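Below: one structure, written as structure tokens.
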Amino acid sequence: MAMSYKVRFWDIRERPQRRKSFEVRWTVNGRERSESFITKGLAESRRAKLMTAAREGEAFDEQTGLPASEIRAIRQRTTWHDLAHAYINERWDRTPGNTRRTLADALATITPALVRPEARYSEPRVLRRALYSWAFNKRAWESEPSAEWQHALDWMQRHSLPVSELMEPDVVRRALDAIGRKIDGKSAAAKTALRKRSAFSEVLGTAVDKGYFAENPLARVKWQAPGVSEEVDPACVPNPNQVARLLTAVGKQQGRGPHLEAFFGCMYYAAMRPAEVIHLQISQCHLPKTGWGMLNLNGGVVTAGKEWTNDGSVHEVHSLKRRAVKAARPVPIPPSFVRTLRDHVDRFGVAPDG
């Protein structure tokens, strides 16, 4: 939305041959705009209102010619459900599958809370599933929802609050309360609540950019974030000798055990995430016969779900977390684990892609 402060007004023009014969004219950044009225008094009132907005420093929209306050008033009649739906539509193509899924989960939690106070859907789990799996999943829009889901979605369309209501702190707190609970009423995990609040803030921040709000409504609401315990109990951390015995025991298990010895070894000796271990290729490994080795990590395989990826595959390959797309992370590994990886390659080989 292009906004400009270059606003000029002309005198009211009278055109007797027309039913609305009095025309208010002005320009926004050189683009002419006009509105017509039946009486001169109405035209003068409208012109005065626009001039007041300009004198008070409001920017005007170049496309419609309206001041920012009027644009917000028009857009705030949009419902929260429609705003969230439009956000998913706009962001979908530039978002990886796993993020699409977590955004849908957050919005499916928030949206049922932002309805008229007296409204309660009889089957909340059905409503939640319809929002998560269809309303906020762009891939699902290619087909019609089931009758059960359509009934729930129609109910939501009728009862969703207009976004103007989100300027009320009590309404925003209802959404934040929903974020802090699971559908059965129990407290949600702290990290889950924080992740969903972040999604809520991002949708509202985008709405600010588009002129729905002058400021993010979340900024006016005090919210105590759930405590997240990052401290590790030393009593739960095995020492190196215990780890070596644990990995040896894993390797002796039936079935997948011998495969998983190297998998868990990567997580311990190289501090790798599971997604990075799955993505590890022989070309990334420097495994000398003696001494320390090196793993050059450059990404990971993430399970997103076929409903959320562009090609319908279950997995996606991502860059390293919180790093540039082509960034790599070299990790030295001790001689004992170099031998473990060499033995793994000798025993099981590598896939065609390495």
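In the structure tokens, chains take letters A, B, ... by order of appearance, with residues numbered from 1 within each chain and ligands from 1 in the order shown.
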Practice problem: Give the strand (DSSP E) residues of stretch 108-315 of chain A, as DSSP finds them on the backbone, and put them as a VMD selection string. | Solution: chain A and resid 285 to 286 293 to 297 300 to 303 315
Let's have the selection written as a compact mmCIF listing (two decimals), in the first residue's frame, with N, CA, C and O atoms.
```txt
# COMPACT_ATOMS: atom_id res chain seq x y z
N CYS A 285 32.36 -36.10 5.36
CA CYS A 285 33.13 -36.74 6.44
C CYS A 285 34.62 -36.86 6.07
O CYS A 285 34.96 -37.37 4.99
N HIS A 286 35.47 -36.39 6.94
CA HIS A 286 36.91 -36.64 6.84
C HIS A 286 37.26 -37.63 7.95
O HIS A 286 37.25 -37.28 9.14
N GLY A 293 38.99 -36.68 13.34
CA GLY A 293 38.34 -36.48 12.05
C GLY A 293 37.55 -35.18 12.03
O GLY A 293 37.59 -34.38 12.98
N MET A 294 36.82 -34.96 10.96
CA MET A 294 36.04 -33.73 10.81
C MET A 294 34.75 -34.01 10.04
O MET A 294 34.76 -34.74 9.05
N LEU A 295 33.64 -33.44 10.53
CA LEU A 295 32.36 -33.50 9.82
C LEU A 295 32.01 -32.07 9.40
O LEU A 295 31.98 -31.17 10.24
N ASN A 296 31.75 -31.85 8.12
CA ASN A 296 31.37 -30.53 7.61
C ASN A 296 29.86 -30.53 7.33
O ASN A 296 29.41 -30.98 6.27
N LEU A 297 29.10 -30.03 8.28
CA LEU A 297 27.65 -30.10 8.20
C LEU A 297 27.10 -28.94 7.37
O LEU A 297 27.58 -27.81 7.47
N GLY A 300 19.99 -30.23 7.01
CA GLY A 300 19.29 -31.30 7.71
C GLY A 300 18.00 -31.68 7.00
O GLY A 300 17.45 -30.91 6.21
N VAL A 301 17.53 -32.88 7.28
CA VAL A 301 16.28 -33.37 6.71
C VAL A 301 15.19 -33.25 7.77
O VAL A 301 15.30 -33.83 8.85
N VAL A 302 14.14 -32.49 7.47
CA VAL A 302 13.07 -32.21 8.42
C VAL A 302 11.79 -32.90 7.97
O VAL A 302 11.43 -32.87 6.79
N THR A 303 11.10 -33.54 8.91
CA THR A 303 9.82 -34.16 8.62
C THR A 303 8.73 -33.10 8.72
O THR A 303 8.43 -32.61 9.80
N HIS A 315 9.41 -35.37 3.69
CA HIS A 315 10.59 -34.67 4.23
C HIS A 315 10.99 -33.48 3.36
O HIS A 315 10.69 -33.43 2.17
```
Quiz item: So which residues touch A:Arg19 within 10 Å, counting only C-alpha atoms, skipping near sequence neighbours fewer than 5 positions away, as a list in words?
Solution: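 Everything that qualifies: Ser36, Phe37, Ile38 and Thr39 of chain A.
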Exercise. Work out how far atom CA of A:Pro226 is from atom CA of A:Glu276, in Å to one decimal.
Key: 29.2 Å
Exercise. Could you check which of A:Ser45, A:Ser4, A:Gln150, A:Ser160 is closest to A:Gly57, using only C-alpha atoms?
Key: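 Among the listed residues, A:Ser4 lies closest to A:Gly57.
Atom to atom, atom CA of A:Phe22 and atom CA of A:Leu42 stand 8.6 Å apart.
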Quiz item: Could you pull the residues within 9 Å of A:Arg8, counting only C-alpha atoms, minus those fewer than 6 positions along the same chain, as JSON, numbers by chain?
Solution: {"A": [25, 26, 27, 28, 29, 30, 51, 54]}
Next, dump the selected residues to file, keeping only C-alpha atoms, as a PDB file, in the first residue's frame.
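Below is the file that was written, result-v8.pdb:
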```
ATOM      1  CA  ARG A  25     -11.626  17.021  -5.748  1.00  0.00           C
ATOM      2  CA  TRP A  26      -8.126  16.442  -4.434  1.00  0.00           C
ATOM      3  CA  THR A  27      -4.840  14.871  -5.513  1.00  0.00           C
ATOM      4  CA  VAL A  28      -2.568  12.386  -3.733  1.00  0.00           C
ATOM      5  CA  ASN A  29       0.996  12.491  -5.036  1.00  0.00           C
ATOM      6  CA  GLY A  30      -0.351  13.944  -8.284  1.00  0.00           C
ATOM      7  CA  MET A  51      -8.355  18.613   4.900  1.00  0.00           C
ATOM      8  CA  ALA A  54      -4.070  16.218   5.967  1.00  0.00           C
TER       9      ALA A  54
END
```
Exercise. Please provide the set of residues having any atom within 12 Å of A:Glu215, restricted to only C-alpha atoms, with same-chain residues fewer than 2 positions apart removed, written as JSON, numbers by chain.
Key: {"A": [72, 166, 167, 201, 204, 205, 206, 207, 208, 209, 210, 211, 212, 213, 217, 218, 219, 220]}
Quiz item: Smallest atom-to-atom distance to A:Lys196: which of A:Thr99, A:Thr109, A:Gln242, A:Gln157, using only C-alpha atoms?
Solution: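 Of A:Thr99, A:Thr109, A:Gln242, A:Gln157, the one nearest A:Lys196, counting only C-alpha atoms, is A:Thr109.
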Exercise. Determine, counting only C-alpha atoms, which protein, DNA and RNA residues have an atom within 10 Å of an atom of A:Asn137; residues of the same chain fewer than 5 positions away are not included. Present the result as JSON, numbers by chain.
Key: {"A": [85, 88, 89, 92, 100, 101, 103, 104, 105, 130, 131, 132, 142, 307, 308]}
Restrict the selected residues to all heavy atoms and save them as a CSV table (one decimal), in the first residue's frame.
```
chain,number,residue,atom,x,y,z
A,85,HIS,N,-6.6,-16.2,7.2
A,85,HIS,CA,-6.7,-16.9,6.0
A,85,HIS,C,-5.9,-16.2,4.9
A,85,HIS,O,-5.1,-16.9,4.1
A,85,HIS,CB,-8.1,-17.1,5.5
A,85,HIS,CG,-8.4,-18.0,4.4
A,85,HIS,ND1,-8.3,-17.6,3.1
A,85,HIS,CD2,-8.7,-19.3,4.3
A,85,HIS,CE1,-8.5,-18.6,2.3
A,85,HIS,NE2,-8.8,-19.6,3.0
A,88,ILE,N,-2.0,-16.7,5.5
A,88,ILE,CA,-1.5,-17.9,5.0
A,88,ILE,C,-1.4,-18.0,3.5
A,88,ILE,O,-0.4,-18.4,3.0
A,88,ILE,CB,-2.5,-19.1,5.5
A,88,ILE,CG1,-2.4,-19.3,7.0
A,88,ILE,CG2,-2.2,-20.4,4.8
A,88,ILE,CD1,-1.1,-19.8,7.5
A,89,ASN,N,-2.4,-17.4,2.8
A,89,ASN,CA,-2.3,-17.4,1.3
A,89,ASN,C,-1.1,-16.6,0.8
A,89,ASN,O,-0.4,-17.0,-0.1
A,89,ASN,CB,-3.6,-16.8,0.8
A,89,ASN,CG,-3.7,-16.8,-0.7
A,89,ASN,OD1,-3.3,-17.7,-1.4
A,89,ASN,ND2,-4.1,-15.6,-1.3
A,92,TRP,N,2.4,-18.5,2.0
A,92,TRP,CA,2.6,-19.9,1.7
A,92,TRP,C,3.8,-20.2,0.9
A,92,TRP,O,4.6,-21.1,1.2
A,92,TRP,CB,1.3,-20.5,1.1
A,92,TRP,CG,1.3,-21.9,0.9
A,92,TRP,CD1,1.7,-22.7,-0.2
A,92,TRP,CD2,0.9,-22.9,1.9
A,92,TRP,NE1,1.5,-24.0,0.0
A,92,TRP,CE2,1.0,-24.2,1.3
A,92,TRP,CE3,0.3,-22.9,3.2
A,92,TRP,CZ2,0.7,-25.4,1.9
A,92,TRP,CZ3,0.0,-24.0,3.8
A,92,TRP,CH2,0.2,-25.3,3.2
A,100,ARG,N,4.9,-24.0,7.7
A,100,ARG,CA,3.5,-23.9,7.4
A,100,ARG,C,2.6,-24.7,8.4
A,100,ARG,O,1.6,-24.2,8.8
A,100,ARG,CB,3.3,-24.5,6.0
A,100,ARG,CG,3.9,-23.8,4.8
A,100,ARG,CD,3.8,-24.6,3.5
A,100,ARG,NE,4.4,-23.9,2.4
A,100,ARG,CZ,4.6,-24.5,1.2
A,100,ARG,NH1,4.3,-25.8,1.0
A,100,ARG,NH2,5.2,-23.8,0.2
A,101,ARG,N,3.1,-25.8,8.7
A,101,ARG,CA,2.4,-26.7,9.7
A,101,ARG,C,2.3,-26.0,11.1
A,101,ARG,O,1.2,-26.0,11.7
A,101,ARG,CB,3.1,-28.0,9.8
A,101,ARG,CG,2.4,-29.0,10.7
A,101,ARG,CD,3.1,-30.4,10.6
A,101,ARG,NE,4.5,-30.4,10.9
A,101,ARG,CZ,5.0,-30.3,12.1
A,101,ARG,NH1,4.2,-30.3,13.2
A,101,ARG,NH2,6.3,-30.3,12.3
A,103,LEU,N,2.5,-22.8,11.7
A,103,LEU,CA,1.6,-21.6,11.7
A,103,LEU,C,0.2,-22.0,11.7
A,103,LEU,O,-0.6,-21.4,12.4
A,103,LEU,CB,1.9,-20.9,10.4
A,103,LEU,CG,3.2,-19.9,10.3
A,103,LEU,CD1,3.4,-19.4,8.9
A,103,LEU,CD2,3.0,-18.8,11.3
A,104,ALA,N,-0.2,-23.1,10.9
A,104,ALA,CA,-1.6,-23.5,10.9
A,104,ALA,C,-2.0,-24.0,12.3
A,104,ALA,O,-3.1,-23.7,12.8
A,104,ALA,CB,-1.7,-24.7,9.9
A,105,ASP,N,-1.1,-24.7,13.0
A,105,ASP,CA,-1.4,-25.1,14.4
A,105,ASP,C,-1.7,-23.9,15.3
A,105,ASP,O,-2.6,-23.9,16.1
A,105,ASP,CB,-0.2,-25.9,14.9
A,105,ASP,CG,-0.5,-26.5,16.3
A,105,ASP,OD1,-1.6,-26.9,16.6
A,105,ASP,OD2,0.5,-26.5,17.1
A,130,ALA,N,-10.8,-28.7,11.3
A,130,ALA,CA,-11.2,-28.0,10.0
A,130,ALA,C,-10.3,-26.8,9.8
A,130,ALA,O,-9.9,-26.6,8.6
A,130,ALA,CB,-12.7,-27.6,10.1
A,131,LEU,N,-10.0,-26.1,10.8
A,131,LEU,CA,-9.2,-24.9,10.7
A,131,LEU,C,-7.7,-25.3,10.3
A,131,LEU,O,-7.1,-24.8,9.4
A,131,LEU,CB,-9.2,-24.1,11.9
A,131,LEU,CG,-10.5,-23.4,12.3
A,131,LEU,CD1,-10.5,-22.8,13.7
A,131,LEU,CD2,-10.8,-22.2,11.3
A,132,TYR,N,-7.2,-26.3,11.1
A,132,TYR,CA,-5.8,-26.7,10.9
A,132,TYR,C,-5.6,-27.4,9.5
A,132,TYR,O,-4.7,-27.1,8.8
A,132,TYR,CB,-5.5,-27.7,12.0
A,132,TYR,CG,-4.1,-28.3,11.9
A,132,TYR,CD1,-2.9,-27.7,12.1
A,132,TYR,CD2,-4.0,-29.7,11.5
A,132,TYR,CE1,-1.7,-28.3,12.0
A,132,TYR,CE2,-2.8,-30.3,11.3
A,132,TYR,CZ,-1.6,-29.6,11.6
A,132,TYR,OH,-0.4,-30.2,11.5
A,142,GLU,N,-7.4,-27.0,-2.8
A,142,GLU,CA,-7.6,-27.6,-4.2
A,142,GLU,C,-8.8,-28.5,-4.2
A,142,GLU,O,-9.3,-28.8,-5.3
A,142,GLU,CB,-6.4,-28.3,-4.6
A,142,GLU,CG,-5.1,-27.5,-4.7
A,142,GLU,CD,-3.8,-28.3,-4.8
A,142,GLU,OE1,-4.0,-29.5,-4.9
A,142,GLU,OE2,-2.7,-27.7,-4.9
A,307,GLU,N,1.2,-33.3,3.6
A,307,GLU,CA,0.1,-32.3,3.4
A,307,GLU,C,0.6,-30.8,3.4
A,307,GLU,O,-0.1,-29.9,3.0
A,307,GLU,CB,-0.9,-32.3,4.6
A,307,GLU,CG,-1.6,-33.7,4.7
A,307,GLU,CD,-0.8,-34.6,5.6
A,307,GLU,OE1,0.3,-34.3,6.0
A,307,GLU,OE2,-1.3,-35.7,5.9
A,308,TRP,N,1.9,-30.6,3.7
A,308,TRP,CA,2.5,-29.3,3.9
A,308,TRP,C,3.6,-29.0,2.9
A,308,TRP,O,4.1,-27.8,2.9
A,308,TRP,CB,2.9,-29.1,5.3
A,308,TRP,CG,1.8,-29.4,6.3
A,308,TRP,CD1,1.7,-30.5,7.0
A,308,TRP,CD2,0.8,-28.5,6.7
A,308,TRP,NE1,0.5,-30.5,7.8
A,308,TRP,CE2,0.0,-29.2,7.6
A,308,TRP,CE3,0.4,-27.2,6.3
A,308,TRP,CZ2,-1.2,-28.7,8.2
A,308,TRP,CZ3,-0.8,-26.7,6.9
A,308,TRP,CH2,-1.5,-27.4,7.8
```
Self-check item: Nearest to A:Asp93 by atom-to-atom distance, counting only C-alpha atoms, from A:Asn310, A:Arg197, A:Pro234, A:Arg18
Solution: A:Asn310
Self-check item: Distance query A:Ala108 at most 12 Å, only C-alpha atoms, self and fewer than 5 positions along chain excluded, as a ChimeraX atom specification
Solution: /A:80-81,84-85,88,101-103,113-114,124-137,153,156,175,178-179,182-183,196,199-200
Dump of N, CA, C and O atoms for the selected residues, as a compact mmCIF listing (two decimals), in the first residue's frame:
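Here's the written file again06.txt:
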```
# COMPACT_ATOMS: atom_id res chain seq x y z
N TRP A 80 -11.22 -11.59 11.86
CA TRP A 80 -9.92 -12.21 12.17
C TRP A 80 -9.72 -13.46 11.32
O TRP A 80 -8.62 -13.69 10.81
N HIS A 81 -10.75 -14.27 11.15
CA HIS A 81 -10.62 -15.49 10.36
C HIS A 81 -10.15 -15.17 8.94
O HIS A 81 -9.23 -15.81 8.40
N ALA A 84 -6.44 -14.00 8.96
CA ALA A 84 -5.51 -15.12 9.12
C ALA A 84 -5.45 -15.96 7.85
O ALA A 84 -4.37 -16.41 7.43
N HIS A 85 -6.60 -16.17 7.22
CA HIS A 85 -6.66 -16.93 5.97
C HIS A 85 -5.85 -16.23 4.88
O HIS A 85 -5.08 -16.87 4.14
N ILE A 88 -2.04 -16.65 5.47
CA ILE A 88 -1.53 -17.95 5.02
C ILE A 88 -1.39 -17.96 3.50
O ILE A 88 -0.38 -18.43 2.96
N ARG A 101 3.13 -25.83 8.74
CA ARG A 101 2.39 -26.67 9.69
C ARG A 101 2.29 -26.02 11.06
O ARG A 101 1.22 -26.02 11.69
N THR A 102 3.38 -25.44 11.54
CA THR A 102 3.35 -24.82 12.87
C THR A 102 2.51 -23.54 12.87
O THR A 102 1.84 -23.23 13.86
N LEU A 103 2.51 -22.79 11.75
CA LEU A 103 1.65 -21.62 11.66
C LEU A 103 0.18 -22.03 11.69
O LEU A 103 -0.64 -21.40 12.37
N ALA A 113 -10.84 -18.69 19.64
CA ALA A 113 -10.98 -17.80 20.80
C ALA A 113 -11.44 -16.40 20.38
O ALA A 113 -11.96 -15.65 21.21
N LEU A 114 -11.26 -16.06 19.11
CA LEU A 114 -11.60 -14.72 18.63
C LEU A 114 -12.96 -14.74 17.93
O LEU A 114 -13.09 -14.43 16.74
N PRO A 124 -15.71 -28.70 19.44
CA PRO A 124 -14.47 -27.92 19.28
C PRO A 124 -13.35 -28.66 18.57
O PRO A 124 -12.55 -28.05 17.86
N ARG A 125 -13.29 -29.98 18.76
CA ARG A 125 -12.22 -30.73 18.08
C ARG A 125 -12.42 -30.75 16.57
O ARG A 125 -11.45 -30.69 15.81
N VAL A 126 -13.67 -30.84 16.14
CA VAL A 126 -13.96 -30.80 14.71
C VAL A 126 -13.60 -29.42 14.14
O VAL A 126 -13.00 -29.31 13.06
N LEU A 127 -13.95 -28.37 14.86
CA LEU A 127 -13.63 -27.01 14.43
C LEU A 127 -12.12 -26.82 14.32
O LEU A 127 -11.61 -26.28 13.33
N ARG A 128 -11.41 -27.29 15.33
CA ARG A 128 -9.95 -27.16 15.33
C ARG A 128 -9.35 -27.92 14.14
O ARG A 128 -8.45 -27.41 13.45
N ARG A 129 -9.83 -29.12 13.87
CA ARG A 129 -9.30 -29.91 12.77
C ARG A 129 -9.62 -29.25 11.42
O ARG A 129 -8.78 -29.23 10.51
N ALA A 130 -10.82 -28.69 11.28
CA ALA A 130 -11.20 -28.04 10.03
C ALA A 130 -10.32 -26.82 9.76
O ALA A 130 -9.91 -26.56 8.62
N LEU A 131 -10.01 -26.06 10.81
CA LEU A 131 -9.15 -24.89 10.65
C LEU A 131 -7.72 -25.30 10.32
O LEU A 131 -7.09 -24.76 9.40
N TYR A 132 -7.21 -26.27 11.06
CA TYR A 132 -5.82 -26.71 10.90
C TYR A 132 -5.61 -27.38 9.54
O TYR A 132 -4.66 -27.06 8.82
N SER A 133 -6.50 -28.28 9.17
CA SER A 133 -6.28 -29.11 7.99
C SER A 133 -6.82 -28.52 6.70
O SER A 133 -6.44 -28.96 5.61
N TRP A 134 -7.72 -27.51 6.80
CA TRP A 134 -8.26 -26.95 5.56
C TRP A 134 -8.12 -25.42 5.50
O TRP A 134 -7.48 -24.90 4.59
N ALA A 135 -8.68 -24.70 6.47
CA ALA A 135 -8.69 -23.23 6.38
C ALA A 135 -7.29 -22.64 6.31
O ALA A 135 -7.05 -21.66 5.59
N PHE A 136 -6.33 -23.23 7.03
CA PHE A 136 -4.98 -22.69 7.08
C PHE A 136 -3.96 -23.59 6.38
O PHE A 136 -2.77 -23.54 6.68
N ASN A 137 -4.44 -24.42 5.47
CA ASN A 137 -3.58 -25.29 4.66
C ASN A 137 -3.90 -25.04 3.19
O ASN A 137 -4.89 -25.54 2.67
N LEU A 153 -16.63 -24.55 9.38
CA LEU A 153 -16.05 -23.35 8.77
C LEU A 153 -17.10 -22.28 8.53
O LEU A 153 -16.82 -21.08 8.70
N MET A 156 -17.66 -20.56 11.75
CA MET A 156 -16.57 -19.64 12.07
C MET A 156 -16.70 -18.35 11.26
O MET A 156 -16.47 -17.25 11.78
N ALA A 175 -7.17 -14.56 23.26
CA ALA A 175 -6.32 -15.32 22.34
C ALA A 175 -5.08 -15.83 23.07
O ALA A 175 -4.67 -16.99 22.88
N ALA A 178 -5.91 -18.79 25.18
CA ALA A 178 -6.06 -20.00 24.37
C ALA A 178 -4.70 -20.58 24.00
O ALA A 178 -4.52 -21.81 23.97
N ILE A 179 -3.73 -19.72 23.74
CA ILE A 179 -2.38 -20.17 23.42
C ILE A 179 -1.77 -20.98 24.57
O ILE A 179 -1.02 -21.93 24.35
N LYS A 182 -4.11 -26.43 26.07
CA LYS A 182 -4.40 -27.42 25.04
C LYS A 182 -5.91 -27.53 24.88
O LYS A 182 -6.67 -26.96 25.67
N ILE A 183 -6.38 -28.27 23.89
CA ILE A 183 -7.81 -28.33 23.62
C ILE A 183 -8.58 -29.00 24.75
O ILE A 183 -9.77 -28.76 24.94
N LYS A 196 3.44 -20.13 19.51
CA LYS A 196 2.15 -19.68 19.00
C LYS A 196 1.95 -18.18 19.19
O LYS A 196 1.35 -17.51 18.35
N ALA A 199 3.69 -16.49 16.37
CA ALA A 199 2.89 -16.52 15.14
C ALA A 199 1.79 -15.48 15.19
O ALA A 199 1.52 -14.78 14.19
N PHE A 200 1.13 -15.35 16.33
CA PHE A 200 0.07 -14.35 16.52
C PHE A 200 0.62 -12.95 16.29
O PHE A 200 0.03 -12.13 15.56
```
Practice problem: Could you check which of A:Thr340, A:Pro258, A:Ala249, A:Arg347 is closest to A:Leu287, using only C-alpha atoms? | Solution: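 Smallest separation from A:Leu287 among the options: A:Thr340.
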